[in-house]
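Here's the structure we're looking at; comments come further down.
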Amino acid sequence: MDIIPAAVEAFAEKYTTPETGLLKRLNRETYLKVDQPHMLSGHLQGQFLSLVSHMLQPARILELGTYTGYSAICLAQGLKDGGMLHTIDVNEEREDMCLRYFEEAGLSGKITMHIGKAAEIIDRLDETFDLVFIDADKAGYERYYDQVWDKIRPGGFILADNVLFHGETLVEPSKQSNNARAMISFCEKVAADGRAEQLLLTLRDGLLIIRKIG
Ligand SMILES: C[S@@+](CC[C@H](N)C(=O)[O-])C[C@H]1O[C@@H](n2cnc3c(N)ncnc32)[C@H](O)[C@@H]1O
């Protein structure tokens, strides 16, 4: 299901700061060489992540789900001096590609890439995060939310991607995939959590923006 009408998407693309040459190349190389390229955040969401990061000027960011590094680069652009983004992915095959682009973007010193299961690596990180971007396996979102909560500073943010799951969350329950059900269950959990305030932003595949208030 197309969630955002193509004409709206085109209009938004036209009036959003263009992708940098580096992000364009990373986007293109992903589409040419890597499986499931639709997973990449892309121009509009990438610019959104970059602007959020510039607004917050975080010292520490955690990303779950690096893929080819597109969103990591966008998020790292707003880090304050001395800041660090930790990004985790279970798939080691794309590590070289990510590291090559981090280097080219001049962000090698600001991004630490961890290979392994997010659930295992999160517990090893002794950090307090200003911003967490959850974009790994959909079945894991609820667990990741619980795992990262105490590592987020009061007033810090979580962004959770794909909460509309290609529009599958909107169809009748018998036709929903397991991933769509996982996204609904995740949204219900956050909505019932009195420690958070949130906005479901209908950008791309749906981004849940969560602020830790408790
Ligand atoms: C949607 S893609 C991430 C896209 C990327 N954040 C971007 O915007 O360009 C999801 C990624 O999560 C990774 N992943 C899946 N299960 C995981 C797990 N249990 N732990 C860590 N990463 C996982 C996949 O290998 C994949 O690269």
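Residue numbering restarts at 1 in every chain; chains get A, B, ... in the order shown in the structure tokens, and ligands count up from 1 in that same order.
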
Show me which residues line ligand 1, defined as having an atom within 9 Å of a ligand atom where only C-alpha atoms and all ligand atoms count, and present them as a CSV table (one decimal) with C-alpha atoms, in the first residue's frame.
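File produced: selection31.csv:
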```
chain,number,residue,atom,x,y,z
A,27,ASN,CA,21.7,5.5,-1.8
A,36,GLN,CA,16.2,-5.1,0.3
A,37,PRO,CA,17.3,-1.5,-0.6
A,38,HIS,CA,13.8,-0.1,0.5
A,39,MET,CA,15.1,-0.4,4.0
A,40,LEU,CA,17.3,2.6,3.6
A,41,SER,CA,15.9,5.8,5.1
A,42,GLY,CA,16.3,7.9,2.0
A,45,GLN,CA,13.6,10.8,6.3
A,46,GLY,CA,17.4,11.3,6.2
A,63,GLU,CA,21.1,3.4,16.5
A,64,LEU,CA,19.7,-0.1,16.3
A,65,GLY,CA,19.9,-1.3,12.6
A,66,THR,CA,22.8,0.3,10.6
A,67,TYR,CA,22.0,-1.4,7.2
A,68,THR,CA,24.3,0.5,4.8
A,69,GLY,CA,24.9,3.5,7.1
A,70,TYR,CA,22.6,6.1,5.6
A,71,SER,CA,20.7,7.0,8.7
A,72,ALA,CA,23.8,6.8,10.9
A,87,THR,CA,25.2,1.9,15.7
A,88,ILE,CA,24.5,-1.9,15.9
A,89,ASP,CA,23.7,-4.3,13.1
A,90,VAL,CA,23.6,-8.1,13.2
A,91,ASN,CA,24.8,-8.4,9.6
A,92,GLU,CA,28.6,-8.2,9.1
A,94,ARG,CA,27.8,-4.5,5.0
A,114,HIS,CA,29.0,-2.8,16.6
A,115,ILE,CA,28.3,-6.1,14.8
A,116,GLY,CA,26.0,-8.4,16.7
A,117,LYS,CA,22.5,-8.8,18.0
A,118,ALA,CA,21.1,-5.5,19.4
A,119,ALA,CA,19.7,-7.2,22.5
A,120,GLU,CA,23.1,-8.4,23.5
A,121,ILE,CA,25.1,-5.3,22.6
A,133,PHE,CA,16.8,5.4,16.8
A,134,ILE,CA,15.1,2.0,16.7
A,135,ASP,CA,15.2,0.6,13.2
A,136,ALA,CA,16.2,-3.1,13.5
A,137,ASP,CA,14.0,-6.2,13.5
A,138,LYS,CA,10.4,-5.3,14.2
A,139,ALA,CA,9.7,-8.2,16.6
A,140,GLY,CA,12.4,-6.7,18.9
A,161,ASP,CA,10.9,3.6,12.4
A,162,ASN,CA,8.4,1.7,10.2
```

If DSSP is run on the backbone, what residues of region 59-211 of chain A are helix (DSSP H, G or I)? A reply as a count of residues only would be ideal. 63

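In this model, the gap between CA of Ser53 (chain A) and CA of Leu75 (chain A) comes to 5.6 Å.
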
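Closest to Thr17 (chain A) among A:Lys33, A:His43, A:Arg153, A:Arg60 is A:His43, based on only C-alpha atoms.
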
Contacts of region 166-176 of chain A within 12 Å, only C-alpha atoms, excl. fewer than 4 positions in-chain, as an mmCIF file with C-alpha atoms, in the first residue's frame:
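Resulting contents of result-v9.cif:
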```
data_model
loop_
_atom_site.group_PDB
_atom_site.id
_atom_site.type_symbol
_atom_site.label_atom_id
_atom_site.label_comp_id
_atom_site.auth_asym_id
_atom_site.auth_seq_id
_atom_site.Cartn_x
_atom_site.Cartn_y
_atom_site.Cartn_z
ATOM 1 C CA MET A 1 0.000 0.000 0.000
ATOM 2 C CA ASP A 2 1.310 3.496 -0.898
ATOM 3 C CA ILE A 3 0.844 5.458 2.295
ATOM 4 C CA ILE A 4 1.974 8.844 1.010
ATOM 5 C CA HIS A 38 13.814 -0.147 0.452
ATOM 6 C CA MET A 39 15.120 -0.441 4.043
ATOM 7 C CA ASP A 161 10.870 3.639 12.383
ATOM 8 C CA ASN A 162 8.351 1.719 10.235
ATOM 9 C CA ALA A 180 2.603 -5.203 11.304
ATOM 10 C CA ARG A 181 1.179 -6.807 14.463
ATOM 11 C CA ALA A 182 4.479 -6.193 16.246
ATOM 12 C CA MET A 183 4.303 -2.511 15.290
ATOM 13 C CA ILE A 184 0.740 -2.160 16.595
ATOM 14 C CA SER A 185 1.679 -3.885 19.829
ATOM 15 C CA PHE A 186 4.703 -1.594 20.181
ATOM 16 C CA CYS A 187 2.594 1.544 19.603
ATOM 17 C CA THR A 202 3.275 10.035 9.004
ATOM 18 C CA LEU A 203 6.638 10.486 7.296
ATOM 19 C CA ARG A 204 7.668 7.709 4.881
ATOM 20 C CA ASP A 205 6.752 4.449 6.697
ATOM 21 C CA GLY A 206 5.724 6.099 9.969
ATOM 22 C CA LEU A 207 8.050 7.364 12.683
#
```

Of A:Met97, A:Ile61, A:Ile73, A:Leu159, the one nearest to Val34 (chain A) when counting only C-alpha atoms is A:Met97

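Proximity to Phe129 (chain A) was assessed for A:Tyr15, A:Phe165, A:Phe157, A:Phe48 counting only C-alpha atoms; the smallest distance is recorded for A:Phe157.
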
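Between Cys98 (chain A) and the residues A:Leu125, A:Ile111, A:Ala6, A:Thr20, the shortest atom-to-atom distance, using only C-alpha atoms, involves A:Ile111.
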
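Distance annotation: of A:Leu62, A:Leu208, A:Thr112, A:Glu103, the residue with the minimal separation from Asp130 (chain A) is A:Leu62; atom set is only C-alpha atoms.
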
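By chain and then residue number, the residues within 8 Å of Gln47 (chain A) are Thr16, Thr17, Glu19 and Cys74 of chain A, counting only C-alpha atoms and disregarding those fewer than 5 positions away in sequence.
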
Go ahead and save the residues from that selection, with C-alpha atoms, as a compact mmCIF listing (two decimals), in the first residue's frame.
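Writing the result to part-v2.txt gives the following:
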```txt
# COMPACT_ATOMS: atom_id res chain seq x y z
CA THR A 16 13.56 19.70 0.96
CA THR A 17 17.28 20.43 0.94
CA GLU A 19 20.67 14.98 -0.73
CA CYS A 74 22.37 11.72 8.86
```

The residue from A:Arg195, A:Lys80, A:Lys14, A:Lys189 with the smallest atom-to-atom distance to Pro154 (chain A), counting only C-alpha atoms, is A:Arg195

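Of note, CA of Ala10 (chain A) and CA of Val52 (chain A) are spaced 21.7 Å apart.
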
For Val190 (chain A), please output as an mmCIF file with N, CA and C atoms, in the first residue's frame all residues within 9 Å (counting only C-alpha atoms; exclusion window: fewer than 6 positions along the same chain).
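Heads up, here's the output in out.cif:
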```cif
data_model
loop_
_atom_site.group_PDB
_atom_site.id
_atom_site.type_symbol
_atom_site.label_atom_id
_atom_site.label_comp_id
_atom_site.auth_asym_id
_atom_site.auth_seq_id
_atom_site.Cartn_x
_atom_site.Cartn_y
_atom_site.Cartn_z
ATOM 1 N N GLU A 142 9.709 -3.870 21.183
ATOM 2 C CA GLU A 142 9.233 -3.720 22.569
ATOM 3 C C GLU A 142 10.369 -4.024 23.550
ATOM 4 N N TYR A 145 12.860 -1.138 23.509
ATOM 5 C CA TYR A 145 12.299 0.010 24.252
ATOM 6 C C TYR A 145 12.590 -0.160 25.747
ATOM 7 N N ALA A 196 6.053 8.524 29.066
ATOM 8 C CA ALA A 196 6.446 9.023 27.744
ATOM 9 C C ALA A 196 5.362 9.900 27.149
ATOM 10 N N GLU A 197 5.772 10.862 26.301
ATOM 11 C CA GLU A 197 4.801 11.502 25.409
ATOM 12 C C GLU A 197 5.271 11.225 23.993
ATOM 13 N N GLN A 198 4.337 11.149 23.044
ATOM 14 C CA GLN A 198 4.725 10.685 21.718
ATOM 15 C C GLN A 198 3.881 11.281 20.599
ATOM 16 N N ILE A 210 9.215 9.683 20.496
ATOM 17 C CA ILE A 210 8.882 9.454 21.910
ATOM 18 C C ILE A 210 9.818 10.292 22.778
#
```
